[in-house]
Structure formats: C-alpha cells, structure tokens
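K.L.:
Sharing entry_29.txt, compact mmCIF, N, CA and C atoms:
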```
# COMPACT_ATOMS: atom_id res chain seq x y z
N MET A 1 8.34 0.13 -53.34
CA MET A 1 6.91 0.08 -53.49
C MET A 1 6.24 -1.07 -52.72
N PRO A 2 6.86 -2.26 -52.57
CA PRO A 2 6.19 -3.32 -51.84
C PRO A 2 5.79 -2.91 -50.43
N GLY A 3 6.60 -2.10 -49.76
CA GLY A 3 6.26 -1.65 -48.42
C GLY A 3 5.02 -0.78 -48.41
N LYS A 4 4.88 0.09 -49.42
CA LYS A 4 3.71 0.95 -49.52
C LYS A 4 2.45 0.11 -49.79
N ARG A 5 2.58 -0.90 -50.66
CA ARG A 5 1.44 -1.76 -50.96
C ARG A 5 0.99 -2.50 -49.70
N LYS A 6 1.95 -2.99 -48.92
CA LYS A 6 1.63 -3.70 -47.69
C LYS A 6 0.93 -2.76 -46.71
N ASP A 7 1.41 -1.51 -46.61
CA ASP A 7 0.79 -0.54 -45.71
C ASP A 7 -0.62 -0.19 -46.17
N ASP A 8 -0.82 -0.06 -47.49
CA ASP A 8 -2.16 0.21 -48.02
C ASP A 8 -3.11 -0.94 -47.68
N THR A 9 -2.64 -2.18 -47.88
CA THR A 9 -3.46 -3.35 -47.56
C THR A 9 -3.77 -3.39 -46.08
N ARG A 10 -2.77 -3.09 -45.25
CA ARG A 10 -2.97 -3.07 -43.80
C ARG A 10 -4.07 -2.09 -43.41
N GLN A 11 -4.06 -0.91 -44.04
CA GLN A 11 -5.08 0.11 -43.74
C GLN A 11 -6.46 -0.33 -44.23
N GLN A 12 -6.52 -1.01 -45.37
CA GLN A 12 -7.80 -1.51 -45.87
C GLN A 12 -8.34 -2.59 -44.94
N VAL A 13 -7.47 -3.49 -44.49
CA VAL A 13 -7.87 -4.53 -43.54
C VAL A 13 -8.39 -3.87 -42.27
N LYS A 14 -7.68 -2.88 -41.78
CA LYS A 14 -8.07 -2.18 -40.56
C LYS A 14 -9.47 -1.59 -40.71
N ARG A 15 -9.71 -0.87 -41.81
CA ARG A 15 -11.03 -0.25 -42.03
C ARG A 15 -12.14 -1.30 -42.06
N MET A 16 -11.88 -2.39 -42.77
CA MET A 16 -12.92 -3.42 -42.89
C MET A 16 -13.20 -4.12 -41.56
N LEU A 17 -12.14 -4.43 -40.80
CA LEU A 17 -12.35 -5.08 -39.50
C LEU A 17 -13.08 -4.15 -38.54
N LEU A 18 -12.72 -2.87 -38.57
CA LEU A 18 -13.41 -1.91 -37.69
C LEU A 18 -14.88 -1.74 -38.07
N SER A 19 -15.20 -1.99 -39.34
CA SER A 19 -16.60 -1.88 -39.76
C SER A 19 -17.37 -3.16 -39.50
N GLY A 20 -16.68 -4.19 -38.96
CA GLY A 20 -17.37 -5.42 -38.57
C GLY A 20 -17.25 -6.56 -39.54
N ALA A 21 -16.44 -6.43 -40.59
CA ALA A 21 -16.27 -7.51 -41.57
C ALA A 21 -15.55 -8.69 -40.93
N THR A 22 -15.88 -9.89 -41.39
CA THR A 22 -15.20 -11.09 -40.92
C THR A 22 -13.89 -11.28 -41.68
N PHE A 23 -13.03 -12.15 -41.17
CA PHE A 23 -11.77 -12.44 -41.85
C PHE A 23 -12.04 -12.93 -43.27
N TRP A 24 -13.07 -13.78 -43.42
CA TRP A 24 -13.41 -14.32 -44.74
C TRP A 24 -13.82 -13.20 -45.69
N GLU A 25 -14.64 -12.28 -45.20
CA GLU A 25 -15.10 -11.17 -46.04
C GLU A 25 -13.93 -10.30 -46.48
N VAL A 26 -13.03 -10.02 -45.56
CA VAL A 26 -11.85 -9.20 -45.88
C VAL A 26 -10.99 -9.93 -46.90
N SER A 27 -10.77 -11.21 -46.69
CA SER A 27 -9.94 -12.02 -47.58
C SER A 27 -10.50 -11.99 -49.00
N LYS A 28 -11.81 -12.20 -49.12
CA LYS A 28 -12.46 -12.23 -50.42
C LYS A 28 -12.40 -10.86 -51.11
N LYS A 29 -12.76 -9.82 -50.37
CA LYS A 29 -12.84 -8.47 -50.94
C LYS A 29 -11.47 -7.94 -51.39
N LEU A 30 -10.44 -8.19 -50.59
CA LEU A 30 -9.11 -7.67 -50.90
C LEU A 30 -8.25 -8.64 -51.71
N ASN A 31 -8.80 -9.84 -51.97
CA ASN A 31 -8.09 -10.86 -52.72
C ASN A 31 -6.74 -11.21 -52.08
N ILE A 32 -6.79 -11.43 -50.75
CA ILE A 32 -5.60 -11.87 -50.01
C ILE A 32 -6.00 -13.12 -49.23
N THR A 33 -5.02 -13.85 -48.74
CA THR A 33 -5.32 -15.10 -48.04
C THR A 33 -5.89 -14.82 -46.65
N TYR A 34 -6.60 -15.80 -46.14
CA TYR A 34 -7.15 -15.74 -44.78
C TYR A 34 -6.01 -15.55 -43.79
N ALA A 35 -4.90 -16.25 -44.04
CA ALA A 35 -3.74 -16.15 -43.15
C ALA A 35 -3.18 -14.72 -43.13
N SER A 36 -3.20 -14.04 -44.28
CA SER A 36 -2.74 -12.65 -44.33
C SER A 36 -3.64 -11.74 -43.50
N VAL A 37 -4.95 -11.97 -43.61
CA VAL A 37 -5.89 -11.18 -42.81
C VAL A 37 -5.62 -11.41 -41.33
N SER A 38 -5.41 -12.66 -40.96
CA SER A 38 -5.11 -13.00 -39.57
C SER A 38 -3.83 -12.30 -39.10
N TYR A 39 -2.81 -12.30 -39.94
CA TYR A 39 -1.55 -11.62 -39.61
C TYR A 39 -1.78 -10.13 -39.38
N PHE A 40 -2.49 -9.47 -40.33
CA PHE A 40 -2.76 -8.04 -40.18
C PHE A 40 -3.57 -7.78 -38.91
N ALA A 41 -4.56 -8.62 -38.63
CA ALA A 41 -5.40 -8.42 -37.44
C ALA A 41 -4.55 -8.53 -36.17
N ARG A 42 -3.64 -9.51 -36.14
CA ARG A 42 -2.77 -9.67 -34.96
C ARG A 42 -1.89 -8.44 -34.78
N THR A 43 -1.28 -7.95 -35.87
CA THR A 43 -0.40 -6.79 -35.73
C THR A 43 -1.19 -5.54 -35.38
N LEU A 44 -2.36 -5.38 -35.96
CA LEU A 44 -3.20 -4.22 -35.64
C LEU A 44 -3.68 -4.27 -34.18
N THR A 45 -4.01 -5.47 -33.71
CA THR A 45 -4.45 -5.62 -32.32
C THR A 45 -3.31 -5.34 -31.36
N SER A 46 -2.14 -5.91 -31.64
CA SER A 46 -1.01 -5.70 -30.74
C SER A 46 -0.54 -4.25 -30.74
N ALA A 47 -0.76 -3.53 -31.85
CA ALA A 47 -0.39 -2.12 -31.92
C ALA A 47 -1.47 -1.22 -31.32
N GLY A 48 -2.59 -1.83 -30.90
CA GLY A 48 -3.68 -1.06 -30.30
C GLY A 48 -4.51 -0.28 -31.32
N GLU A 49 -4.38 -0.62 -32.60
CA GLU A 49 -5.12 0.11 -33.63
C GLU A 49 -6.54 -0.40 -33.81
N ILE A 50 -6.79 -1.64 -33.43
CA ILE A 50 -8.15 -2.17 -33.40
C ILE A 50 -8.35 -2.88 -32.07
N PRO A 51 -9.57 -2.86 -31.54
CA PRO A 51 -9.80 -3.56 -30.28
C PRO A 51 -9.70 -5.07 -30.46
N ARG A 52 -9.29 -5.73 -29.42
CA ARG A 52 -9.13 -7.18 -29.48
C ARG A 52 -10.42 -7.87 -29.93
N SER A 53 -11.57 -7.39 -29.54
CA SER A 53 -12.82 -8.05 -29.90
C SER A 53 -13.10 -8.01 -31.39
N ASN A 54 -12.51 -7.06 -32.13
CA ASN A 54 -12.74 -7.01 -33.57
C ASN A 54 -11.89 -8.00 -34.34
N SER A 55 -10.85 -8.56 -33.72
CA SER A 55 -9.99 -9.47 -34.47
C SER A 55 -10.70 -10.77 -34.81
N ARG A 56 -11.59 -11.23 -33.97
CA ARG A 56 -12.40 -12.42 -34.25
C ARG A 56 -13.72 -12.27 -33.51
N LYS A 57 -14.61 -11.49 -34.06
CA LYS A 57 -15.87 -11.24 -33.40
C LYS A 57 -16.86 -12.37 -33.69
N PRO A 58 -17.32 -13.11 -32.66
CA PRO A 58 -18.27 -14.19 -32.92
C PRO A 58 -19.63 -13.63 -33.34
N ARG A 59 -20.30 -14.32 -34.22
CA ARG A 59 -21.61 -13.87 -34.69
C ARG A 59 -22.72 -14.23 -33.71
N LEU A 60 -22.61 -15.35 -33.04
CA LEU A 60 -23.62 -15.76 -32.07
C LEU A 60 -22.95 -16.07 -30.74
N ARG A 61 -23.50 -15.56 -29.68
CA ARG A 61 -23.00 -15.92 -28.36
C ARG A 61 -23.58 -17.29 -28.00
N GLY A 62 -22.79 -18.08 -27.30
CA GLY A 62 -23.21 -19.43 -26.95
C GLY A 62 -24.53 -19.48 -26.20
N SER A 63 -24.74 -18.59 -25.22
CA SER A 63 -25.98 -18.63 -24.44
C SER A 63 -27.19 -18.28 -25.31
N PHE A 64 -27.04 -17.31 -26.22
CA PHE A 64 -28.13 -16.95 -27.12
C PHE A 64 -28.46 -18.13 -28.04
N PHE A 65 -27.42 -18.78 -28.56
CA PHE A 65 -27.61 -19.92 -29.45
C PHE A 65 -28.36 -21.05 -28.73
N ARG A 66 -27.93 -21.38 -27.52
CA ARG A 66 -28.60 -22.44 -26.76
C ARG A 66 -30.04 -22.08 -26.46
N ARG A 67 -30.30 -20.82 -26.11
CA ARG A 67 -31.66 -20.37 -25.82
C ARG A 67 -32.55 -20.49 -27.06
N GLU A 68 -32.04 -20.10 -28.22
CA GLU A 68 -32.81 -20.20 -29.46
C GLU A 68 -33.07 -21.66 -29.83
N MET A 69 -32.08 -22.53 -29.63
CA MET A 69 -32.31 -23.96 -29.91
C MET A 69 -33.42 -24.51 -29.03
N ARG A 70 -33.40 -24.18 -27.74
CA ARG A 70 -34.46 -24.65 -26.84
C ARG A 70 -35.82 -24.09 -27.26
N ARG A 71 -35.85 -22.80 -27.58
CA ARG A 71 -37.11 -22.15 -27.96
C ARG A 71 -37.71 -22.80 -29.20
N LEU A 72 -36.87 -23.13 -30.16
CA LEU A 72 -37.34 -23.71 -31.42
C LEU A 72 -37.41 -25.23 -31.40
N GLY A 73 -36.89 -25.84 -30.32
CA GLY A 73 -36.93 -27.29 -30.21
C GLY A 73 -36.02 -28.00 -31.20
N VAL A 74 -34.86 -27.42 -31.47
CA VAL A 74 -33.91 -28.05 -32.39
C VAL A 74 -32.64 -28.45 -31.65
N GLY A 75 -31.97 -29.46 -32.18
CA GLY A 75 -30.70 -29.89 -31.61
C GLY A 75 -29.54 -29.25 -32.33
N CYS A 76 -28.37 -29.31 -31.72
CA CYS A 76 -27.18 -28.69 -32.29
C CYS A 76 -26.41 -29.65 -33.18
N GLY A 77 -26.26 -30.89 -32.78
CA GLY A 77 -25.44 -31.82 -33.54
C GLY A 77 -23.97 -31.51 -33.35
N SER A 78 -23.15 -32.03 -34.23
CA SER A 78 -21.71 -31.78 -34.13
C SER A 78 -21.08 -31.87 -35.51
N LEU A 79 -19.89 -31.31 -35.64
CA LEU A 79 -19.18 -31.43 -36.91
C LEU A 79 -18.91 -32.89 -37.24
N GLU A 80 -18.63 -33.68 -36.22
CA GLU A 80 -18.36 -35.10 -36.44
C GLU A 80 -19.58 -35.79 -37.07
N ASN A 81 -20.78 -35.50 -36.54
CA ASN A 81 -21.99 -36.10 -37.11
C ASN A 81 -22.22 -35.59 -38.54
N LEU A 82 -21.95 -34.33 -38.77
CA LEU A 82 -22.11 -33.75 -40.10
C LEU A 82 -21.19 -34.46 -41.09
N ILE A 83 -19.94 -34.63 -40.72
CA ILE A 83 -18.95 -35.23 -41.61
C ILE A 83 -19.23 -36.72 -41.82
N ASN A 84 -19.75 -37.40 -40.80
CA ASN A 84 -20.07 -38.83 -40.95
C ASN A 84 -21.13 -39.06 -42.01
N GLY A 85 -21.96 -38.06 -42.29
CA GLY A 85 -23.00 -38.21 -43.31
C GLY A 85 -22.57 -37.77 -44.70
N MET A 86 -21.28 -37.48 -44.88
CA MET A 86 -20.79 -36.99 -46.17
C MET A 86 -20.02 -38.06 -46.93
N THR A 87 -19.99 -37.93 -48.25
CA THR A 87 -19.21 -38.85 -49.07
C THR A 87 -17.74 -38.46 -49.00
N ASP A 88 -16.88 -39.34 -49.47
CA ASP A 88 -15.44 -39.04 -49.50
C ASP A 88 -15.14 -37.80 -50.33
N ASP A 89 -15.81 -37.68 -51.49
CA ASP A 89 -15.59 -36.51 -52.35
C ASP A 89 -16.02 -35.22 -51.66
N GLN A 90 -17.13 -35.26 -50.93
CA GLN A 90 -17.61 -34.08 -50.22
C GLN A 90 -16.64 -33.69 -49.10
N ILE A 91 -16.12 -34.68 -48.39
CA ILE A 91 -15.16 -34.41 -47.32
C ILE A 91 -13.88 -33.81 -47.91
N ARG A 92 -13.41 -34.38 -49.01
CA ARG A 92 -12.20 -33.88 -49.67
C ARG A 92 -12.40 -32.42 -50.08
N TRP A 93 -13.56 -32.12 -50.70
CA TRP A 93 -13.85 -30.75 -51.13
C TRP A 93 -13.85 -29.81 -49.92
N LEU A 94 -14.52 -30.22 -48.84
CA LEU A 94 -14.59 -29.39 -47.63
C LEU A 94 -13.20 -29.10 -47.10
N CYS A 95 -12.36 -30.11 -47.02
CA CYS A 95 -11.00 -29.92 -46.50
C CYS A 95 -10.17 -29.02 -47.40
N GLU A 96 -10.42 -29.08 -48.71
CA GLU A 96 -9.69 -28.21 -49.64
C GLU A 96 -10.08 -26.74 -49.49
N GLN A 97 -11.24 -26.47 -48.90
CA GLN A 97 -11.71 -25.09 -48.72
C GLN A 97 -11.08 -24.40 -47.51
N VAL A 98 -10.47 -25.19 -46.62
CA VAL A 98 -9.90 -24.64 -45.39
C VAL A 98 -8.57 -23.95 -45.71
N PRO A 99 -8.49 -22.63 -45.45
CA PRO A 99 -7.23 -21.92 -45.71
C PRO A 99 -6.21 -22.23 -44.62
N ALA A 100 -4.97 -21.92 -44.91
CA ALA A 100 -3.91 -22.11 -43.91
C ALA A 100 -4.28 -21.36 -42.64
N GLY A 101 -4.20 -22.02 -41.53
CA GLY A 101 -4.52 -21.40 -40.25
C GLY A 101 -6.00 -21.43 -39.92
N GLY A 102 -6.84 -21.91 -40.83
CA GLY A 102 -8.28 -21.96 -40.60
C GLY A 102 -8.72 -23.33 -40.12
N THR A 103 -10.01 -23.47 -39.92
CA THR A 103 -10.58 -24.75 -39.47
C THR A 103 -11.79 -25.09 -40.32
N VAL A 104 -12.22 -26.34 -40.23
CA VAL A 104 -13.44 -26.76 -40.92
C VAL A 104 -14.62 -25.95 -40.39
N ALA A 105 -14.64 -25.67 -39.09
CA ALA A 105 -15.73 -24.88 -38.51
C ALA A 105 -15.78 -23.49 -39.14
N ASP A 106 -14.63 -22.89 -39.43
CA ASP A 106 -14.60 -21.58 -40.10
C ASP A 106 -15.27 -21.65 -41.46
N VAL A 107 -14.99 -22.72 -42.20
CA VAL A 107 -15.56 -22.88 -43.53
C VAL A 107 -17.07 -23.07 -43.43
N VAL A 108 -17.50 -23.93 -42.51
CA VAL A 108 -18.94 -24.19 -42.34
C VAL A 108 -19.65 -22.89 -41.97
N ARG A 109 -19.06 -22.11 -41.07
CA ARG A 109 -19.66 -20.83 -40.69
C ARG A 109 -19.76 -19.88 -41.88
N ALA A 110 -18.69 -19.81 -42.68
CA ALA A 110 -18.70 -18.93 -43.85
C ALA A 110 -19.79 -19.35 -44.84
N ILE A 111 -19.96 -20.65 -45.03
CA ILE A 111 -21.00 -21.15 -45.94
C ILE A 111 -22.38 -20.79 -45.39
N LEU A 112 -22.57 -20.96 -44.08
CA LEU A 112 -23.86 -20.62 -43.47
C LEU A 112 -24.17 -19.14 -43.58
N VAL A 113 -23.17 -18.30 -43.32
CA VAL A 113 -23.38 -16.85 -43.41
C VAL A 113 -23.68 -16.44 -44.85
N ASP A 114 -22.93 -17.00 -45.82
CA ASP A 114 -23.20 -16.69 -47.23
C ASP A 114 -24.62 -17.09 -47.62
N THR A 115 -25.04 -18.29 -47.19
CA THR A 115 -26.39 -18.77 -47.50
C THR A 115 -27.44 -17.86 -46.87
N TYR A 116 -27.19 -17.45 -45.62
CA TYR A 116 -28.12 -16.55 -44.93
C TYR A 116 -28.31 -15.26 -45.75
N PHE A 117 -27.21 -14.64 -46.17
CA PHE A 117 -27.31 -13.39 -46.91
C PHE A 117 -27.94 -13.60 -48.29
N GLU A 118 -27.68 -14.74 -48.92
CA GLU A 118 -28.32 -15.03 -50.21
C GLU A 118 -29.83 -15.14 -50.04
N GLU A 119 -30.26 -15.85 -48.99
CA GLU A 119 -31.69 -16.04 -48.76
C GLU A 119 -32.38 -14.74 -48.33
N ARG A 120 -31.67 -13.90 -47.60
CA ARG A 120 -32.23 -12.64 -47.11
C ARG A 120 -32.13 -11.52 -48.14
N GLY A 121 -31.42 -11.79 -49.23
CA GLY A 121 -31.27 -10.79 -50.28
C GLY A 121 -30.35 -9.64 -49.90
N ALA A 122 -29.46 -9.90 -48.96
CA ALA A 122 -28.56 -8.83 -48.52
C ALA A 122 -27.25 -8.87 -49.28
```
Give the structure from this file in structure tokens form.
P.N.:
Amino acid sequence: MPGKRKDDTRQQVKRMLLSGATFWEVSKKLNITYASVSYFARTLTSAGEIPRSNSRKPRLRGSFFRREMRRLGVGCGSLENLINGMTDDQIRWLCEQVPAGGTVADVVRAILVDTYFEERGA
C-alpha cells in the first residue's frame, strides 16, 4: 500500500502544479513537507509529465517588478535590511518557518502572497 499512497500523492501534486499552485500551497493542502513537493516536482519534470516552468513559476518577473517600483516611486530594499530591523525573537521565528530545502525569501514570499489573498478576499 505505501507505493500506491505515494503514487496517489504524486498525481495530486502533479494536478496542483499544473493548475498553477505554488510549492507552499501544495504542501499545505496535501499536508506534506515542502521538500516532498520539491522532490515530486523534480521527478515529474524529469519524466516530462510537467513542464519545467511549472516546477517553480515566479509570480513577478524582475523587469515588471522594477517598472512598477519606478512607476510608484518605491524602493526595493533587501532581506538584509528587513532582518536588521527585527528582534532576536522575530528572527528566530522566521528561521523556524523555513522548511528543509527552502529559503527565508520563500517564507517572506509565502507570507506576502497569503496577506495579498486575505486583503483581496480571495
């Protein structure tokens, strides 16, 4: 049975990635680790079952982001500047949120996307 369960999970991951879900969304919905989603995405990509662009589809292209910042007159800043303004407890919490194989930038992006959808009512 474990092989069947793994195959079922693989197919669910495939469907969600093809529909445009992020690794974080898949991880949360299927109650599996981010690293597991990454593993399934790699195997699905190498098997040609999903296009390479779906394995890690960026939400904003760099040129669009820079153009919007200029248009709105805002600066980008950096993760380093963000972290320098945080307390030790906040930094510890942030680091604890990073799954195996993930980065602080992944967590910050996930928080921003979640906040966006909460504010937009989606």
K.L.:
Env of A:Gly75: 10 Å cut, atoms = only C-alpha atoms, seq-sep filter 4 positions within chain, self excluded. Answer as a JSON list (two decimals) with N, CA and C atoms, in the coordinates of the input.
P.N.:
```json
[["chain", "number", "residue", "atom", "x", "y", "z"],
["A", 66, "ARG", "N", -27.93, -21.38, -27.52],
["A", 66, "ARG", "CA", -28.60, -22.44, -26.76],
["A", 66, "ARG", "C", -30.04, -22.08, -26.46],
["A", 69, "MET", "N", -32.08, -22.53, -29.63],
["A", 69, "MET", "CA", -32.31, -23.96, -29.91],
["A", 69, "MET", "C", -33.42, -24.51, -29.03],
["A", 70, "ARG", "N", -33.40, -24.18, -27.74],
["A", 70, "ARG", "CA", -34.46, -24.65, -26.84],
["A", 70, "ARG", "C", -35.82, -24.09, -27.26]]
```
K.L.:
Do you have the atom CA of A:Ala35-atom N of A:Ala100 distance handy?
P.N.:
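Calculated distance between atom CA of A:Ala35 and atom N of A:Ala100 is 6.2 Å.
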K.L.:
Give as JSON, numbers by chain the set of residues within 6 Å of the point (-3.7, -4.3, -39.5), where distances use the file's coordinates and only N, CA and C atoms.
P.N.:
{"A": [10, 11, 13, 14, 40, 41, 43, 44, 45]}
K.L.:
Within 8 Å of A:Gln97, counting all atoms listed in the file, which residues show up once you throw out same-chain ones fewer than 6 positions away? Write them as a list in words, please.
P.N.:
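Skipping anything fewer than 6 positions along the chain leaves Ile91, Thr103, Val104, Asp106 and Val107 of chain A.
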K.L.:
Is it possible to get the residues within 6 Å of (-10.3, -5.0, -46.2) (coordinates as in the file, counting only C-alpha atoms) written as a PDB file with N, CA and C atoms, in the frame of the given file?
P.N.:
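Just written: result-v4.pdb:
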```pdb
ATOM      1  N   GLN A  12      -6.520  -1.010 -45.370  1.00  0.00           N
ATOM      2  CA  GLN A  12      -7.800  -1.510 -45.870  1.00  0.00           C
ATOM      3  C   GLN A  12      -8.340  -2.590 -44.940  1.00  0.00           C
ATOM      4  N   VAL A  13      -7.470  -3.490 -44.490  1.00  0.00           N
ATOM      5  CA  VAL A  13      -7.870  -4.530 -43.540  1.00  0.00           C
ATOM      6  C   VAL A  13      -8.390  -3.870 -42.270  1.00  0.00           C
ATOM      7  N   MET A  16     -11.880  -2.390 -42.770  1.00  0.00           N
ATOM      8  CA  MET A  16     -12.920  -3.420 -42.890  1.00  0.00           C
ATOM      9  C   MET A  16     -13.200  -4.120 -41.560  1.00  0.00           C
ATOM     10  N   VAL A  26     -13.030 -10.020 -45.560  1.00  0.00           N
ATOM     11  CA  VAL A  26     -11.850  -9.200 -45.880  1.00  0.00           C
ATOM     12  C   VAL A  26     -10.990  -9.930 -46.900  1.00  0.00           C
ATOM     13  N   LEU A  30     -10.440  -8.190 -50.590  1.00  0.00           N
ATOM     14  CA  LEU A  30      -9.110  -7.670 -50.900  1.00  0.00           C
ATOM     15  C   LEU A  30      -8.250  -8.640 -51.710  1.00  0.00           C
TER      16      LEU A  30
END
```
